[in-house]
file query.cif (mmCIF, C-alpha atoms)
data_upload
#
loop_
_atom_site.label_atom_id
_atom_site.label_comp_id
_atom_site.auth_asym_id
_atom_site.auth_seq_id
_atom_site.Cartn_x
_atom_site.Cartn_y
_atom_site.Cartn_z
CA MET A 1 -7.00 19.42 -1.77
CA SER A 2 -9.98 18.53 0.42
CA GLU A 3 -11.72 17.28 -2.75
CA ASP A 4 -8.71 15.22 -3.88
CA SER A 5 -10.25 11.85 -3.11
CA TRP A 6 -9.69 8.46 -4.73
CA LYS A 7 -11.83 5.36 -5.11
CA LEU A 8 -11.68 1.64 -4.51
CA GLY A 9 -14.72 0.29 -6.24
CA ASP A 10 -17.65 2.30 -4.94
CA ARG A 11 -15.81 3.67 -1.87
CA SER A 12 -14.08 7.03 -1.72
CA PHE A 13 -11.09 7.84 0.47
CA ARG A 14 -9.23 11.05 1.20
CA SER A 15 -6.16 9.69 2.96
CA ARG A 16 -3.55 8.23 0.60
CA ILE A 17 -1.64 6.32 3.25
CA ILE A 18 -2.55 2.78 4.28
CA VAL A 19 -0.86 1.35 7.37
CA GLY A 20 -0.14 -2.06 8.81
CA THR A 21 -0.27 -3.16 12.41
CA GLY A 22 2.74 -5.43 12.94
CA LYS A 23 5.91 -4.92 15.00
CA TYR A 24 4.67 -2.22 17.39
CA ALA A 25 5.79 -2.33 21.01
CA SER A 26 2.26 -2.22 22.39
CA LEU A 27 -1.37 -1.84 21.41
CA ASP A 28 -1.30 1.73 22.72
CA GLU A 29 1.60 2.57 20.40
CA THR A 30 -0.30 0.89 17.54
CA ARG A 31 -3.37 3.06 18.18
CA ALA A 32 -1.30 6.24 18.45
CA ALA A 33 0.65 5.55 15.25
CA ILE A 34 -2.49 4.76 13.25
CA ALA A 35 -4.06 8.01 14.43
CA ALA A 36 -0.94 10.05 13.66
CA SER A 37 -0.71 8.58 10.15
CA GLY A 38 -4.12 9.91 9.17
CA ALA A 39 -4.90 6.56 7.51
CA GLU A 40 -8.46 5.51 6.76
CA ILE A 41 -7.53 1.92 5.84
CA VAL A 42 -5.64 -0.35 8.25
CA THR A 43 -4.40 -3.80 7.27
CA VAL A 44 -4.02 -6.81 9.58
CA ALA A 45 -2.22 -10.11 8.95
CA LEU A 46 -4.80 -12.70 9.98
CA ARG A 47 -2.37 -15.62 10.12
CA ARG A 48 -0.31 -13.80 12.73
CA ILE A 49 -3.17 -13.26 15.16
CA ASP A 50 -4.29 -15.81 17.73
CA LEU A 51 -8.01 -15.49 17.14
CA SER A 52 -8.74 -17.84 20.04
CA SER A 53 -6.82 -15.68 22.53
CA LYS A 54 -8.76 -14.14 25.41
CA ALA A 55 -6.08 -11.46 25.72
CA PRO A 56 -6.38 -8.29 23.60
CA THR A 57 -4.99 -8.61 20.08
CA VAL A 58 -4.12 -6.07 17.41
CA LEU A 59 -7.74 -6.20 16.28
CA ASP A 60 -8.63 -4.47 19.56
CA ALA A 61 -6.40 -1.53 18.56
CA ILE A 62 -8.51 -0.76 15.49
CA ASP A 63 -11.70 1.23 15.92
CA ARG A 64 -13.93 -0.29 13.23
CA LYS A 65 -16.14 2.82 13.30
CA LYS A 66 -13.19 5.00 12.28
CA TYR A 67 -11.11 2.73 10.05
CA VAL A 68 -11.70 0.28 7.23
CA LEU A 69 -10.13 -3.01 8.30
CA LEU A 70 -8.22 -4.64 5.45
CA PRO A 71 -7.52 -8.31 6.27
CA ASN A 72 -4.44 -9.64 4.51
CA THR A 73 -2.92 -13.03 3.75
CA ALA A 74 0.67 -12.36 4.85
CA GLY A 75 2.41 -15.68 5.51
CA CYS A 76 0.54 -17.59 2.81
CA TYR A 77 2.68 -19.52 0.30
CA THR A 78 -0.01 -21.00 -1.95
CA ALA A 79 -3.16 -19.74 -3.63
CA ASP A 80 -5.21 -22.24 -1.61
CA GLU A 81 -3.82 -20.95 1.70
CA ALA A 82 -4.62 -17.37 0.73
CA VAL A 83 -8.16 -18.19 -0.36
CA ARG A 84 -8.85 -20.16 2.85
CA THR A 85 -7.52 -17.32 4.99
CA LEU A 86 -9.83 -14.79 3.38
CA HIS A 87 -12.80 -17.11 3.71
CA LEU A 88 -12.01 -17.15 7.43
CA ALA A 89 -12.03 -13.34 7.41
CA ARG A 90 -15.44 -13.41 5.76
CA GLU A 91 -16.75 -15.88 8.37
CA LEU A 92 -15.51 -13.55 11.13
CA GLY A 93 -17.58 -10.72 9.64
CA MET A 94 -14.64 -8.76 8.26
CA ASP A 95 -14.85 -6.57 5.19
CA GLU A 96 -14.73 -8.19 1.76
CA LEU A 97 -12.15 -5.59 0.77
CA VAL A 98 -9.00 -7.70 1.20
CA LYS A 99 -5.27 -7.57 0.62
CA LEU A 100 -3.92 -10.64 -1.18
CA GLU A 101 -0.36 -11.83 -0.62
CA VAL A 102 1.06 -15.11 -1.86
CA ILE A 103 4.75 -15.33 -1.04
CA GLY A 104 7.07 -17.24 -3.35
CA ASP A 105 10.35 -17.10 -1.47
CA PRO A 106 10.84 -17.10 2.33
CA LYS A 107 14.16 -15.24 2.24
CA THR A 108 13.23 -12.27 0.06
CA LEU A 109 9.45 -12.48 0.63
CA PHE A 110 9.01 -11.76 -3.06
CA PRO A 111 5.51 -12.60 -4.26
CA ASP A 112 4.61 -15.64 -6.32
CA ASN A 113 2.99 -13.72 -9.16
CA THR A 114 1.49 -16.77 -10.86
CA ALA A 115 -0.18 -17.98 -7.66
CA THR A 116 -1.30 -14.43 -6.88
CA VAL A 117 -3.10 -14.11 -10.21
CA GLU A 118 -4.72 -17.54 -9.69
CA ALA A 119 -5.91 -16.63 -6.20
CA ALA A 120 -7.14 -13.21 -7.35
CA ARG A 121 -9.30 -14.75 -10.08
CA ARG A 122 -10.87 -17.17 -7.60
CA LEU A 123 -11.49 -14.53 -4.96
CA VAL A 124 -13.02 -12.02 -7.37
CA LYS A 125 -15.44 -14.69 -8.62
CA GLU A 126 -16.41 -15.33 -5.00
CA GLY A 127 -17.28 -11.70 -4.40
CA PHE A 128 -14.12 -10.43 -2.72
CA LYS A 129 -12.76 -6.98 -3.53
CA VAL A 130 -9.10 -7.74 -4.03
CA LEU A 131 -5.99 -5.59 -3.58
CA PRO A 132 -3.04 -7.80 -4.60
CA TYR A 133 0.59 -7.39 -3.52
CA CYS A 134 2.81 -8.18 -6.51
CA SER A 135 6.18 -7.54 -8.13
CA ASP A 136 6.78 -4.26 -9.94
CA ASP A 137 6.04 -6.10 -13.18
CA LEU A 138 3.71 -4.54 -15.73
CA ILE A 139 2.44 -7.83 -17.20
CA THR A 140 1.50 -9.18 -13.78
CA CYS A 141 -0.29 -5.95 -12.96
CA LYS A 142 -2.24 -6.08 -16.22
CA ARG A 143 -3.26 -9.68 -15.52
CA LEU A 144 -4.43 -8.73 -12.04
CA GLU A 145 -6.43 -5.84 -13.48
CA ASP A 146 -7.97 -8.21 -16.04
CA ALA A 147 -8.84 -10.59 -13.19
CA GLY A 148 -11.02 -7.87 -11.68
CA CYS A 149 -8.80 -6.55 -8.87
CA LEU A 150 -9.77 -3.10 -7.61
CA ALA A 151 -6.13 -1.96 -7.53
CA VAL A 152 -2.60 -3.30 -7.96
CA MET A 153 0.04 -3.08 -5.24
CA PRO A 154 3.54 -3.40 -6.69
CA LEU A 155 6.43 -3.56 -4.25
CA ALA A 156 8.93 -0.72 -3.97
CA ALA A 157 11.54 -3.06 -2.46
CA PRO A 158 11.50 -6.27 -0.41
CA ILE A 159 9.06 -6.30 2.52
CA GLY A 160 10.56 -4.70 5.63
CA SER A 161 13.78 -3.69 3.87
CA GLY A 162 13.28 0.08 3.98
CA LEU A 163 15.23 0.39 0.73
CA GLY A 164 12.76 2.76 -0.93
CA ILE A 165 11.66 2.64 -4.55
CA ARG A 166 14.34 0.60 -6.30
CA ASN A 167 12.87 0.79 -9.80
CA PRO A 168 10.86 3.95 -10.42
CA HIS A 169 10.89 3.22 -14.17
CA ASN A 170 8.83 0.06 -13.63
CA ILE A 171 6.39 1.93 -11.41
CA ARG A 172 5.95 4.57 -14.15
CA LEU A 173 5.26 1.85 -16.73
CA ILE A 174 2.58 0.38 -14.49
CA LEU A 175 1.03 3.80 -13.90
CA GLU A 176 0.90 4.47 -17.63
CA ASN A 177 -0.62 1.13 -18.59
CA VAL A 178 -3.18 0.07 -16.01
CA GLY A 179 -6.53 1.69 -15.34
CA VAL A 180 -6.93 0.85 -11.64
CA PRO A 181 -5.31 2.57 -8.64
CA VAL A 182 -1.62 1.82 -8.15
CA ILE A 183 -0.66 1.51 -4.48
CA VAL A 184 3.04 1.12 -3.69
CA ASP A 185 3.42 -1.65 -1.13
CA ALA A 186 6.55 -2.77 0.76
CA GLY A 187 10.00 -1.22 1.05
CA VAL A 188 9.12 2.34 2.08
CA GLY A 189 11.60 3.22 4.83
CA THR A 190 11.28 6.92 5.45
CA ALA A 191 9.27 9.99 4.55
CA SER A 192 11.22 10.81 1.39
CA ASP A 193 10.44 7.33 -0.01
CA ALA A 194 6.73 7.97 0.47
CA ALA A 195 7.00 11.38 -1.19
CA ILE A 196 8.79 9.89 -4.21
CA ALA A 197 6.05 7.28 -4.65
CA MET A 198 3.42 10.01 -4.68
CA GLU A 199 5.45 12.28 -6.98
CA LEU A 200 5.55 9.42 -9.50
CA GLY A 201 1.76 9.57 -9.55
CA CYS A 202 0.90 6.58 -7.37
CA THR A 203 -2.58 6.60 -5.91
CA ALA A 204 -1.50 5.69 -2.39
CA VAL A 205 1.27 4.09 -0.33
CA LEU A 206 1.02 1.17 2.09
CA MET A 207 3.58 0.87 4.87
CA ASN A 208 4.20 -0.88 8.16
CA THR A 209 7.84 -1.40 9.14
CA GLY A 210 8.82 2.09 7.98
CA ILE A 211 6.69 3.41 10.83
CA ALA A 212 6.78 0.61 13.41
CA GLY A 213 10.55 0.13 13.00
CA ALA A 214 11.40 3.79 13.59
CA LYS A 215 12.92 4.92 16.89
CA LYS A 216 9.82 7.07 17.42
CA PRO A 217 7.00 5.35 15.53
CA VAL A 218 4.27 7.88 16.29
CA LEU A 219 6.45 10.76 15.11
CA MET A 220 7.38 8.80 11.97
CA ALA A 221 3.70 8.13 11.30
CA GLU A 222 3.09 11.87 11.29
CA ALA A 223 6.10 12.40 9.03
CA MET A 224 4.79 9.80 6.59
CA ARG A 225 1.40 11.49 6.51
CA LEU A 226 2.97 14.84 5.70
CA ALA A 227 5.27 13.28 3.07
CA VAL A 228 2.39 11.57 1.28
CA ASP A 229 0.47 14.84 1.26
CA ALA A 230 3.49 16.80 0.00
CA GLY A 231 4.28 14.24 -2.69
CA ARG A 232 0.70 14.26 -3.92
CA LYS A 233 0.64 18.07 -4.11
CA SER A 234 3.98 18.04 -5.91
CA PHE A 235 2.60 15.58 -8.48
CA LEU A 236 -0.50 17.69 -9.06
CA ALA A 237 1.58 20.88 -9.32
CA GLY A 238 3.84 19.41 -12.02
CA ARG A 239 7.57 19.62 -11.45
CA MET A 240 9.85 21.89 -13.45
CA PRO A 241 11.71 20.23 -16.35
CA LYS A 242 15.19 18.94 -15.65
CA ARG A 243 18.00 20.66 -17.53
CA ASP A 244 21.62 19.78 -18.16
CA TYR A 245 22.81 23.34 -17.58
CA ALA A 246 22.04 26.22 -15.29
CA ASN A 247 19.15 28.53 -16.04
CA ALA A 248 19.04 31.89 -14.27
CA SER A 249 16.15 32.08 -11.79
CA SER A 250 15.74 35.82 -12.22
CA PRO A 251 15.16 37.73 -15.52
CA THR A 252 18.25 38.68 -17.50
CA ALA A 253 16.57 41.56 -19.39
CA GLY A 254 17.36 45.07 -18.20
CA LEU A 255 20.62 44.21 -16.44
CA ILE A 256 22.66 47.21 -15.35
CA GLU A 257 25.79 47.44 -17.52
#
call {"tool": "encode", "arguments": {"input": "query.cif", "output": "structure tokens"}}
result
Amino acid sequence: MSEDSWKLGDRSFRSRIIVGTGKYASLDETRAAIAASGAEIVTVALRRIDLSSKAPTVLDAIDRKKYVLLPNTAGCYTADEAVRTLHLARELGMDELVKLEVIGDPKTLFPDNTATVEAARRLVKEGFKVLPYCSDDLITCKRLEDAGCLAVMPLAAPIGSGLGIRNPHNIRLILENVGVPVIVDAGVGTASDAAIAMELGCTAVLMNTGIAGAKKPVLMAEAMRLAVDAGRKSFLAGRMPKRDYANASSPTAGLIE
């Protein structure tokens, strides 16, 4: 399993868990949870950070020598807002590997897929390496792939809901029909949700509230790491076929009469 890496463009990663940095009780808890998760990529919502603050911010909790910082556009409601936010990230010297979010509805936080595709096309042309958050919709994912995105990030359930993968059939369709990594984003609430995503064949899982919202976030971060690893190994092993009836687990030949 040490050789079971995956790629985003020309970069290789071993960890298949990506974590966010919102909602933690302190910067120390943020650092501890990131470390316990085993993540190599950490995402930060730029619009929710006071970049002019002299006090430490969440950016101070991320060791840039150890982690790839993935700036994201959470809180953006138009393609223009998202593009401007990522230009700011570029001006601040952040990585050009970026997470694109364009929200279409403030109550559900569902993405505006049309605006997301528009923003992705613009950003790719400007040299950004785009990972877009989108609905679990195959056509949208194909359009994002065609736009040049390095991966697609379909939601499992609404952001922060913890409902788990609501439509595994859609995720399977996306996995079967796109040629870029598929990273489940949003809705993972507990370790079993992460394992299911990986057992479906997803490349990786991104989560924030599932860890930060737990009673013991650092312990949950470790649980998520183990679940992602277990789900990946289960996918590679190939599960047994499901049957409608029982099938004896021991041989029936040579039974004593």
call {"tool": "resolve_selection", "arguments": {"input": "query.cif", "expression": "the PyMOL selection byres ((chain A and resi 198-209) around 7)", "output": "VMD selection string"}}
result
chain A and resid 16 to 22 160 172 181 to 186 188 194 to 197 210 to 213 228 231 to 232 234 to 235
call {"tool": "residues_around", "arguments": {"input": "query.cif", "residues": "stretch 30-36 of chain A", "least_positions_apart": "4", "cutoff": "9 Å", "atoms": "only C-alpha atoms", "output": "short mmCIF file (atom, residue, chain, number, x, y, z; two decimals) with C-alpha atoms, in the coordinates of the input"}}
result
data_model
loop_
_atom_site.label_atom_id
_atom_site.label_comp_id
_atom_site.auth_asym_id
_atom_site.auth_seq_id
_atom_site.Cartn_x
_atom_site.Cartn_y
_atom_site.Cartn_z
CA VAL A 19 -0.86 1.35 7.37
CA GLY A 20 -0.14 -2.06 8.81
CA THR A 21 -0.27 -3.16 12.41
CA GLY A 22 2.74 -5.43 12.94
CA LYS A 23 5.91 -4.92 15.00
CA TYR A 24 4.67 -2.22 17.39
CA ALA A 25 5.79 -2.33 21.01
CA SER A 26 2.26 -2.22 22.39
CA GLU A 40 -8.46 5.51 6.76
CA VAL A 42 -5.64 -0.35 8.25
CA VAL A 58 -4.12 -6.07 17.41
CA ALA A 61 -6.40 -1.53 18.56
CA ILE A 62 -8.51 -0.76 15.49
CA ASP A 63 -11.70 1.23 15.92
CA ILE A 211 6.69 3.41 10.83
CA ALA A 212 6.78 0.61 13.41
CA PRO A 217 7.00 5.35 15.53
CA VAL A 218 4.27 7.88 16.29
CA LEU A 219 6.45 10.76 15.11
CA MET A 220 7.38 8.80 11.97
CA ALA A 221 3.70 8.13 11.30
CA GLU A 222 3.09 11.87 11.29
CA ALA A 223 6.10 12.40 9.03
CA ARG A 225 1.40 11.49 6.51
#
call {"tool": "residues_around", "arguments": {"input": "query.cif", "residues": "stretch 147-156 of chain A", "least_positions_apart": "2", "cutoff": "7 Å", "atoms": "all atoms listed in the file", "output": "PyMOL selection string"}}
result
chain A and resi 8-9+120-121+124+129-136+141+143-145+158+164-166+180-188
call {"tool": "resolve_selection", "arguments": {"input": "query.cif", "expression": "the PyMOL selection byres ((chain A and resi 105) around 12)", "output": "ChimeraX atom specification"}}
result
/A:75-78,101-104,106-113,158-159
call {"tool": "atom_distance", "arguments": {"input": "query.cif", "atom1": "atom CA of A:Ile49", "atom2": "atom CA of A:Leu69"}}
result
14.2 Å
call {"tool": "decode", "arguments": {"input": "query.cif", "residues": "stretch 200-217 of chain A", "atoms": "N, CA and C atoms", "output": "mmCIF file, in the first residue's frame"}}
result
data_model
loop_
_atom_site.group_PDB
_atom_site.id
_atom_site.type_symbol
_atom_site.label_atom_id
_atom_site.label_comp_id
_atom_site.auth_asym_id
_atom_site.auth_seq_id
_atom_site.Cartn_x
_atom_site.Cartn_y
_atom_site.Cartn_z
ATOM 1 N N LEU A 200 -16.453 2.771 -2.888
ATOM 2 C CA LEU A 200 -17.044 3.012 -4.205
ATOM 3 C C LEU A 200 -15.975 3.173 -5.277
ATOM 4 N N GLY A 201 -14.760 3.512 -4.860
ATOM 5 C CA GLY A 201 -13.670 3.714 -5.801
ATOM 6 C C GLY A 201 -13.234 5.155 -5.934
ATOM 7 N N CYS A 202 -13.730 6.037 -5.065
ATOM 8 C CA CYS A 202 -13.314 7.432 -5.112
ATOM 9 C C CYS A 202 -11.816 7.553 -4.856
ATOM 10 N N THR A 203 -11.229 8.567 -5.442
ATOM 11 C CA THR A 203 -9.797 8.775 -5.301
ATOM 12 C C THR A 203 -9.439 9.261 -3.909
ATOM 13 N N ALA A 204 -10.260 10.143 -3.367
ATOM 14 C CA ALA A 204 -9.981 10.734 -2.062
ATOM 15 C C ALA A 204 -11.277 11.299 -1.494
ATOM 16 N N VAL A 205 -11.201 11.768 -0.248
ATOM 17 C CA VAL A 205 -12.350 12.360 0.432
ATOM 18 C C VAL A 205 -11.898 13.663 1.083
ATOM 19 N N LEU A 206 -12.707 14.712 0.925
ATOM 20 C CA LEU A 206 -12.436 15.974 1.607
ATOM 21 C C LEU A 206 -13.472 16.163 2.703
ATOM 22 N N MET A 207 -13.013 16.572 3.874
ATOM 23 C CA MET A 207 -13.938 16.766 4.991
ATOM 24 C C MET A 207 -13.450 17.868 5.905
ATOM 25 N N ASN A 208 -14.396 18.483 6.600
ATOM 26 C CA ASN A 208 -14.089 19.489 7.611
ATOM 27 C C ASN A 208 -14.970 19.297 8.839
ATOM 28 N N THR A 209 -16.284 19.567 8.680
ATOM 29 C CA THR A 209 -17.173 19.528 9.836
ATOM 30 C C THR A 209 -17.242 18.140 10.466
ATOM 31 N N GLY A 210 -17.112 17.090 9.675
ATOM 32 C CA GLY A 210 -17.137 15.736 10.220
ATOM 33 C C GLY A 210 -16.064 15.521 11.273
ATOM 34 N N ILE A 211 -14.967 16.249 11.151
ATOM 35 C CA ILE A 211 -13.904 16.177 12.155
ATOM 36 C C ILE A 211 -14.081 17.288 13.185
ATOM 37 N N ALA A 212 -14.145 18.532 12.719
ATOM 38 C CA ALA A 212 -14.193 19.674 13.638
ATOM 39 C C ALA A 212 -15.448 19.681 14.504
ATOM 40 N N GLY A 213 -16.556 19.102 13.983
ATOM 41 C CA GLY A 213 -17.807 19.093 14.729
ATOM 42 C C GLY A 213 -17.964 17.918 15.675
ATOM 43 N N ALA A 214 -16.980 17.022 15.710
ATOM 44 C CA ALA A 214 -17.050 15.873 16.621
ATOM 45 C C ALA A 214 -16.778 16.316 18.062
ATOM 46 N N LYS A 215 -17.216 15.508 19.023
ATOM 47 C CA LYS A 215 -16.958 15.834 20.430
ATOM 48 C C LYS A 215 -15.460 15.813 20.722
ATOM 49 N N LYS A 216 -14.746 14.925 20.043
ATOM 50 C CA LYS A 216 -13.293 14.834 20.186
ATOM 51 C C LYS A 216 -12.680 14.896 18.787
ATOM 52 N N PRO A 217 -12.449 16.090 18.284
ATOM 53 C CA PRO A 217 -12.018 16.244 16.886
ATOM 54 C C PRO A 217 -10.724 15.522 16.544
#
